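Student: Pasting a structure below so you can have a look.
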Amino acid sequence: MKPRAATPRPWEWLYDAVGLGMWAVTNARFDLQILGDAVPQVAAGQLWVVTHRAETDVPVIGGLLMIRGGMVRRRPMSRVHFAARDDLFEPGVVSAGLHMPAVLARMAWPLSPGPWLPRVRAHPIRRPTGLKLGQALRGLDPTVALEDVISSRLIGQLARRATAIGRTPPGTVGQARVAAFAEDLWQDVTADDLGGSVGRSVWRAHVARTAGDVRRLIALVRAGEPLVVFPEGRVSSDGDIGPVAAVLDVIARRGAPTALLPVGIAYDPLRRGRTTVAISVGPAIPASQGPVGPLVLARLRTATPVTVGQIVARELVAAAASDVTLQKRGLVEALKRAHEHACRDGRPVVRGLTSPGRRGRSLARALHMLQSRGLVDEQAAGMLRIDPSAVLADPLIARLATEDRAVWNTAPGDP
């Protein structure tokens with residue numbers, strides 16, 4: 001089965017420019033560490049499954065495969081396609097993705113890279129569980145009353161926004177589908193947020209399009225095209241890994257890839273200067289006719305690199321929760337134990353964990369960052385005074401500690 005003829009033909013010059021640009025930007029912005037064995041060369045029939053840690057995962061993995069995966073050589077079937085979030089094709093993605101001030105966000109709201117994404121082998125895939133409000137309203141008759149499409153909660157929200165910016169509350173689709181409501185239009189909605197006959201038809205059409213997106217991806221894989229997917233669907237909100245969407249089983253079963261390649265990504269911002277971004281490609285998973293989701297999730301956990309930030313956050317949260325004194329020597333020992341444990345299990349570790357000297361320097365950088373956040377104060381004799389309430393409330397520490405538990409697949413309080 002070949003991909004549908006309606007799919008625009010890729011522009012290789014644009015693919016090269018974007019891929020090389022991704023590699024240059026991510027290397028300039030991050031301390032990029034490629035761990036473990038050599039990155040496999042991109043080849044026909046591969047299904048690359050990648051953890052989704054941040055919005056920058058796509059340029060990180062795209063640049064990696066362009067340079068280390070051999071895509072720059074333009075060999076046949078050596079250029080990956082990407083299963084991309086469908087909202088990347090929508091108006092609002094530029095202003096939302098760049099976190100612009102409100103005025104600039106409204107000006108940029110109509111802009112979308114959507115028309116160009118198929119030219120670089122990016123294909124939309126919708127979520128069966130939800131869509132953006134702007135997507136729900138797009139394509140409808142602008143004279144349709146909002147009460148025939150969305151819930152009273154959303155109508156009230158739009159009315160409050162209108163009052164805050166000095167506008168008349170919108171009553172129709174056309175009045176709501178404007179840049180002034182860009183932030184509201186970018187929010188996620190579910191079937192419960194859509195009401196009336198029009199709203200129900202919008203949801204049915206969304207579900208049907210979701211099935212069509214999956215069929216197109218299956219056709220690509222069956223045709224031998226290598227494909228990158230983020231099986232968690234969206235960026236992890238709390239640092240956890242998983243769950244893996246059921247659609248991965250469908251693509252793997254019906255697309256019959258030659259192999260599944262798990263890729264783990266970890267970000268460690270507990271340092272001065274550039275954030276460390278570590279990447280590891282785990283052993284290939286042979287194609288199977290049975291469910292692959294549980295195995296892929298397990299492999300993604302073991303492929304995700306162990307970082308200094310994860311270990312320090314774990315120890316910090318444990319000390320804050322039990323109200324015990326934290327010692328610098330104890331953190332050094334925790335880093336050493338984590339490195340030994342990872343080596344026994346064959347897990348990838350960042351360079352900052354691989355020797356006593358590197359562990360000491362990495363810990364010093366982490367403590368400097370923690371002090372700047374007001375979480376830790378280094379005292380005499382290697383004692384660390386911590387603010388337990390601040391530590392437990394800090395979102396960065398909570399995220400790193402959750403990622404640590406996900407990597408080792410442990411529950412809070414486990415060793």
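As shown in the structure tokens, the chain order sets the letters A, B, ...; within each chain, residues go from 1, and ligands are also counted from 1 in the order they appear.
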Just the strand (DSSP E) stuff from range 29-140 of chain A, please, per backbone DSSP, written as a list in words.
Tutor: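 Selection result, strand (DSSP E) within range 29-140 of chain A: Asp31, Leu32, Gln33, Ile34, Leu35, Gln46, Leu47, Trp48, Val49, Val50, His81, Phe82, Ala83, Ala84, Arg85, Ala122, His123, Pro124, Ile125, Leu131 and Lys132 of chain A.
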Student: Restricting it to N, CA, C and O atoms, dump the selection as a PDB file, in the first residue's frame.
Tutor:
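Dumped everything to again-v2.pdb:
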ATOM      1  N   ASP A  31      23.764  21.673  25.941  1.00  0.00           N
ATOM      2  CA  ASP A  31      24.923  20.783  26.042  1.00  0.00           C
ATOM      3  C   ASP A  31      24.425  19.413  25.612  1.00  0.00           C
ATOM      4  O   ASP A  31      23.898  18.638  26.415  1.00  0.00           O
ATOM      5  N   LEU A  32      24.582  19.114  24.337  1.00  0.00           N
ATOM      6  CA  LEU A  32      23.996  17.907  23.754  1.00  0.00           C
ATOM      7  C   LEU A  32      24.938  16.725  23.949  1.00  0.00           C
ATOM      8  O   LEU A  32      26.105  16.774  23.557  1.00  0.00           O
ATOM      9  N   GLN A  33      24.426  15.649  24.556  1.00  0.00           N
ATOM     10  CA  GLN A  33      25.220  14.449  24.804  1.00  0.00           C
ATOM     11  C   GLN A  33      24.519  13.245  24.175  1.00  0.00           C
ATOM     12  O   GLN A  33      23.388  12.921  24.544  1.00  0.00           O
ATOM     13  N   ILE A  34      25.179  12.603  23.219  1.00  0.00           N
ATOM     14  CA  ILE A  34      24.670  11.379  22.612  1.00  0.00           C
ATOM     15  C   ILE A  34      25.367  10.221  23.298  1.00  0.00           C
ATOM     16  O   ILE A  34      26.600  10.080  23.214  1.00  0.00           O
ATOM     17  N   LEU A  35      24.606   9.407  23.995  1.00  0.00           N
ATOM     18  CA  LEU A  35      25.164   8.375  24.865  1.00  0.00           C
ATOM     19  C   LEU A  35      25.046   6.982  24.245  1.00  0.00           C
ATOM     20  O   LEU A  35      24.233   6.753  23.350  1.00  0.00           O
ATOM     21  N   GLN A  46      11.839   1.357   9.408  1.00  0.00           N
ATOM     22  CA  GLN A  46      12.044   1.588  10.835  1.00  0.00           C
ATOM     23  C   GLN A  46      10.902   2.421  11.426  1.00  0.00           C
ATOM     24  O   GLN A  46      10.370   3.320  10.781  1.00  0.00           O
ATOM     25  N   LEU A  47      10.581   2.124  12.676  1.00  0.00           N
ATOM     26  CA  LEU A  47       9.637   2.928  13.444  1.00  0.00           C
ATOM     27  C   LEU A  47      10.380   3.424  14.676  1.00  0.00           C
ATOM     28  O   LEU A  47      10.668   2.647  15.585  1.00  0.00           O
ATOM     29  N   TRP A  48      10.730   4.710  14.698  1.00  0.00           N
ATOM     30  CA  TRP A  48      11.457   5.314  15.804  1.00  0.00           C
ATOM     31  C   TRP A  48      10.438   5.802  16.831  1.00  0.00           C
ATOM     32  O   TRP A  48       9.558   6.609  16.511  1.00  0.00           O
ATOM     33  N   VAL A  49      10.530   5.322  18.076  1.00  0.00           N
ATOM     34  CA  VAL A  49       9.596   5.729  19.128  1.00  0.00           C
ATOM     35  C   VAL A  49      10.396   6.511  20.174  1.00  0.00           C
ATOM     36  O   VAL A  49      11.387   6.020  20.711  1.00  0.00           O
ATOM     37  N   VAL A  50       9.945   7.739  20.453  1.00  0.00           N
ATOM     38  CA  VAL A  50      10.742   8.701  21.221  1.00  0.00           C
ATOM     39  C   VAL A  50       9.949   9.211  22.418  1.00  0.00           C
ATOM     40  O   VAL A  50       8.761   9.541  22.295  1.00  0.00           O
ATOM     41  N   HIS A  81       9.948  10.282   8.256  1.00  0.00           N
ATOM     42  CA  HIS A  81       8.727  11.070   8.339  1.00  0.00           C
ATOM     43  C   HIS A  81       8.423  11.270   9.822  1.00  0.00           C
ATOM     44  O   HIS A  81       8.839  10.480  10.669  1.00  0.00           O
ATOM     45  N   PHE A  82       7.697  12.324  10.136  1.00  0.00           N
ATOM     46  CA  PHE A  82       7.333  12.614  11.517  1.00  0.00           C
ATOM     47  C   PHE A  82       5.811  12.588  11.666  1.00  0.00           C
ATOM     48  O   PHE A  82       5.100  13.208  10.867  1.00  0.00           O
ATOM     49  N   ALA A  83       5.340  11.854  12.671  1.00  0.00           N
ATOM     50  CA  ALA A  83       3.940  11.955  13.071  1.00  0.00           C
ATOM     51  C   ALA A  83       3.842  13.173  13.986  1.00  0.00           C
ATOM     52  O   ALA A  83       4.327  13.141  15.123  1.00  0.00           O
ATOM     53  N   ALA A  84       3.259  14.246  13.477  1.00  0.00           N
ATOM     54  CA  ALA A  84       3.273  15.520  14.184  1.00  0.00           C
ATOM     55  C   ALA A  84       1.914  15.820  14.803  1.00  0.00           C
ATOM     56  O   ALA A  84       0.868  15.444  14.252  1.00  0.00           O
ATOM     57  N   ARG A  85       1.930  16.492  15.941  1.00  0.00           N
ATOM     58  CA  ARG A  85       0.689  16.941  16.553  1.00  0.00           C
ATOM     59  C   ARG A  85      -0.115  17.739  15.539  1.00  0.00           C
ATOM     60  O   ARG A  85       0.417  18.624  14.858  1.00  0.00           O
ATOM     61  N   ALA A 122       6.323  15.884   7.499  1.00  0.00           N
ATOM     62  CA  ALA A 122       5.571  15.924   8.750  1.00  0.00           C
ATOM     63  C   ALA A 122       4.100  15.685   8.442  1.00  0.00           C
ATOM     64  O   ALA A 122       3.543  16.308   7.528  1.00  0.00           O
ATOM     65  N   HIS A 123       3.471  14.798   9.195  1.00  0.00           N
ATOM     66  CA  HIS A 123       2.088  14.405   8.935  1.00  0.00           C
ATOM     67  C   HIS A 123       1.261  14.576  10.208  1.00  0.00           C
ATOM     68  O   HIS A 123       1.664  14.119  11.282  1.00  0.00           O
ATOM     69  N   PRO A 124       0.109  15.211  10.109  1.00  0.00           N
ATOM     70  CA  PRO A 124      -0.691  15.452  11.314  1.00  0.00           C
ATOM     71  C   PRO A 124      -1.327  14.179  11.849  1.00  0.00           C
ATOM     72  O   PRO A 124      -1.738  13.304  11.093  1.00  0.00           O
ATOM     73  N   ILE A 125      -1.397  14.097  13.161  1.00  0.00           N
ATOM     74  CA  ILE A 125      -2.151  13.014  13.789  1.00  0.00           C
ATOM     75  C   ILE A 125      -2.956  13.627  14.932  1.00  0.00           C
ATOM     76  O   ILE A 125      -2.418  14.258  15.833  1.00  0.00           O
ATOM     77  N   LEU A 131      -9.286  18.135  21.072  1.00  0.00           N
ATOM     78  CA  LEU A 131      -8.777  19.027  20.042  1.00  0.00           C
ATOM     79  C   LEU A 131      -8.767  20.437  20.600  1.00  0.00           C
ATOM     80  O   LEU A 131      -9.260  20.696  21.697  1.00  0.00           O
ATOM     81  N   LYS A 132      -8.198  21.367  19.837  1.00  0.00           N
ATOM     82  CA  LYS A 132      -8.192  22.760  20.246  1.00  0.00           C
ATOM     83  C   LYS A 132      -9.556  23.396  19.965  1.00  0.00           C
ATOM     84  O   LYS A 132     -10.249  23.009  19.011  1.00  0.00           O
TER      85      LYS A 132
END
Student: Going by DSSP on the backbone, which bits of range 102-148 of chain A are helix (DSSP H, G or I)? Write them as a list in words, please.
Tutor: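 Helix (DSSP H, G or I) assignments inside range 102-148 of chain A correspond to Ala102, Val103, Leu104, Ala105, Arg106, Met107, Ala108, Leu117, Pro118, Arg119, Val120, Leu133, Gly134, Gln135, Ala136, Leu137, Leu146, Glu147 and Asp148 of chain A.
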Student: For Thr26 in chain A, work out the shell of residues within 10 Å, counting only C-alpha atoms and skipping chain neighbours fewer than 6 positions away, then give it as a ChimeraX atom specification.
Tutor: /A:32,56-57,59-64,277
Student: Please list as a PyMOL selection string every residue within 8 Å of Gly233 in chain A, counting only C-alpha atoms and excluding residues in the same chain fewer than 5 positions away.
Tutor: chain A and resi 52+85+127+244-245
Student: Write a file of the just-selected residues containing C-alpha atoms, as an mmCIF file, in the first residue's frame.
Tutor:
data_model
loop_
_atom_site.group_PDB
_atom_site.id
_atom_site.type_symbol
_atom_site.label_atom_id
_atom_site.label_comp_id
_atom_site.auth_asym_id
_atom_site.auth_seq_id
_atom_site.Cartn_x
_atom_site.Cartn_y
_atom_site.Cartn_z
ATOM 1 C CA HIS A 52 8.305 13.345 24.754
ATOM 2 C CA ARG A 85 0.689 16.941 16.553
ATOM 3 C CA ARG A 127 -5.931 12.928 19.379
ATOM 4 C CA VAL A 244 1.934 4.798 25.523
ATOM 5 C CA ALA A 245 -1.040 5.487 23.287
#
Student: Would you list the contacts of Met71 in chain A as a list of chain:residue names, taking every protein, DNA or RNA residue within 9 Å and counting only C-alpha atoms, but skipping same-chain residues closer than 6 positions in sequence?
Tutor: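 Non-adjacent residues within range: A:Asp16, A:Gly19, A:Gln41, A:Val42, A:Leu65, A:Ser78, A:Arg79, A:Val80.
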Student: Residues within 9 Å of Val317 in chain A, please, as a list in words. Count only C-alpha atoms; anything in the same chain fewer than 5 positions from it doesn't count.
Tutor: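 Contacts, in chain order: Val312, Ser322, Pro388, Val391, Leu392, Ile397, Ala398 and Ala401 of chain A.
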Student: Export, as a compact mmCIF listing (two decimals), in the first residue's frame, the selected residues with N, CA and C atoms.
Tutor:
# COMPACT_ATOMS: atom_id res chain seq x y z
N VAL A 312 19.85 14.39 42.30
CA VAL A 312 19.83 15.46 43.30
C VAL A 312 18.41 15.79 43.71
N SER A 322 11.03 14.18 54.84
CA SER A 322 11.26 13.56 56.15
C SER A 322 11.90 14.51 57.14
N PRO A 388 12.29 23.07 53.33
CA PRO A 388 11.44 21.94 52.92
C PRO A 388 10.20 22.37 52.14
N VAL A 391 11.22 23.46 48.66
CA VAL A 391 11.64 22.31 47.84
C VAL A 391 10.44 21.54 47.33
N LEU A 392 9.50 21.23 48.22
CA LEU A 392 8.35 20.41 47.83
C LEU A 392 7.41 21.17 46.91
N ILE A 397 12.01 20.85 40.61
CA ILE A 397 12.46 19.74 41.43
C ILE A 397 11.45 18.60 41.39
N ALA A 398 10.17 18.94 41.45
CA ALA A 398 9.13 17.91 41.40
C ALA A 398 9.19 17.15 40.08
N ALA A 401 12.32 14.83 40.05
CA ALA A 401 12.14 13.69 40.96
C ALA A 401 11.16 12.68 40.36
Student: Might you pull out every residue within 12 Å of Gly290 in chain A, with only C-alpha atoms counted and same-chain residues fewer than 3 positions away left off, and present them as a list of chain:residue names?
Tutor: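 Surrounding residues, per the criterion: A:Leu248, A:Asp249, A:Val250, A:Ile251, A:Ala252, A:Arg253, A:Arg254, A:Ala256, A:Pro286, A:Ala287, A:Gly293, A:Pro294, A:Leu295.
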Student: Write the residues of the preceding selection, restricted to N, CA and C atoms, as an mmCIF file, in the first residue's frame.
Tutor:
data_model
loop_
_atom_site.group_PDB
_atom_site.id
_atom_site.type_symbol
_atom_site.label_atom_id
_atom_site.label_comp_id
_atom_site.auth_asym_id
_atom_site.auth_seq_id
_atom_site.Cartn_x
_atom_site.Cartn_y
_atom_site.Cartn_z
ATOM 1 N N LEU A 248 -0.099 3.211 18.872
ATOM 2 C CA LEU A 248 1.191 2.623 18.517
ATOM 3 C C LEU A 248 1.037 1.153 18.159
ATOM 4 N N ASP A 249 0.211 0.431 18.913
ATOM 5 C CA ASP A 249 -0.035 -0.981 18.595
ATOM 6 C C ASP A 249 -0.641 -1.132 17.209
ATOM 7 N N VAL A 250 -1.547 -0.229 16.858
ATOM 8 C CA VAL A 250 -2.210 -0.298 15.552
ATOM 9 C C VAL A 250 -1.194 -0.075 14.432
ATOM 10 N N ILE A 251 -0.365 0.961 14.576
ATOM 11 C CA ILE A 251 0.632 1.256 13.541
ATOM 12 C C ILE A 251 1.630 0.110 13.417
ATOM 13 N N ALA A 252 2.071 -0.420 14.579
ATOM 14 C CA ALA A 252 3.064 -1.506 14.554
ATOM 15 C C ALA A 252 2.481 -2.778 13.950
ATOM 16 N N ARG A 253 1.218 -3.071 14.275
ATOM 17 C CA ARG A 253 0.616 -4.315 13.785
ATOM 18 C C ARG A 253 0.282 -4.237 12.300
ATOM 19 N N ARG A 254 -0.348 -3.144 11.901
ATOM 20 C CA ARG A 254 -0.813 -3.050 10.518
ATOM 21 C C ARG A 254 0.243 -2.493 9.572
ATOM 22 N N ALA A 256 3.540 -3.082 9.943
ATOM 23 C CA ALA A 256 4.590 -4.104 9.839
ATOM 24 C C ALA A 256 5.974 -3.499 9.635
ATOM 25 N N PRO A 286 12.289 -6.130 17.819
ATOM 26 C CA PRO A 286 11.827 -6.791 16.599
ATOM 27 C C PRO A 286 10.338 -6.570 16.378
ATOM 28 N N ALA A 287 9.949 -6.529 15.119
ATOM 29 C CA ALA A 287 8.536 -6.384 14.784
ATOM 30 C C ALA A 287 7.757 -7.566 15.339
ATOM 31 N N GLY A 293 2.935 -1.997 23.062
ATOM 32 C CA GLY A 293 2.918 -0.873 23.987
ATOM 33 C C GLY A 293 3.656 -1.108 25.283
ATOM 34 N N PRO A 294 3.360 -2.191 26.044
ATOM 35 C CA PRO A 294 4.063 -2.423 27.314
ATOM 36 C C PRO A 294 5.566 -2.579 27.148
ATOM 37 N N LEU A 295 5.988 -3.286 26.087
ATOM 38 C CA LEU A 295 7.420 -3.476 25.863
ATOM 39 C C LEU A 295 8.084 -2.156 25.484
#
Student: Could you work out how far CA of Thr307 in chain A lies from CA of Leu353 in chain A, giving the answer in Å with one decimal?
Tutor: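 Separating CA of Leu353 in chain A from CA of Thr307 in chain A is a distance of 7.5 Å.
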Student: Considering only C-alpha atoms, can you say which of A:Ala334, A:Ile311, A:Ala320, A:Leu220 comes closest to Val407 in chain A?
Tutor: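 Checking each of A:Ala334, A:Ile311, A:Ala320, A:Leu220 against Val407 in chain A, counting only C-alpha atoms, the winner is A:Ile311.
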Student: Between A:Arg347, A:Arg138, A:Arg337, A:Arg301, single out the one closest to Asn409 in chain A, counting only C-alpha atoms.
Tutor: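 Going through A:Arg347, A:Arg138, A:Arg337, A:Arg301 one by one, the smallest distance to Asn409 in chain A is for A:Arg301.
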Student: Please compute the CA of Ala43 in chain A-CA of Arg209 in chain A distance, one decimal, in Å.
Tutor: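 Separation between CA of Ala43 in chain A and CA of Arg209 in chain A: 29.0 Å.
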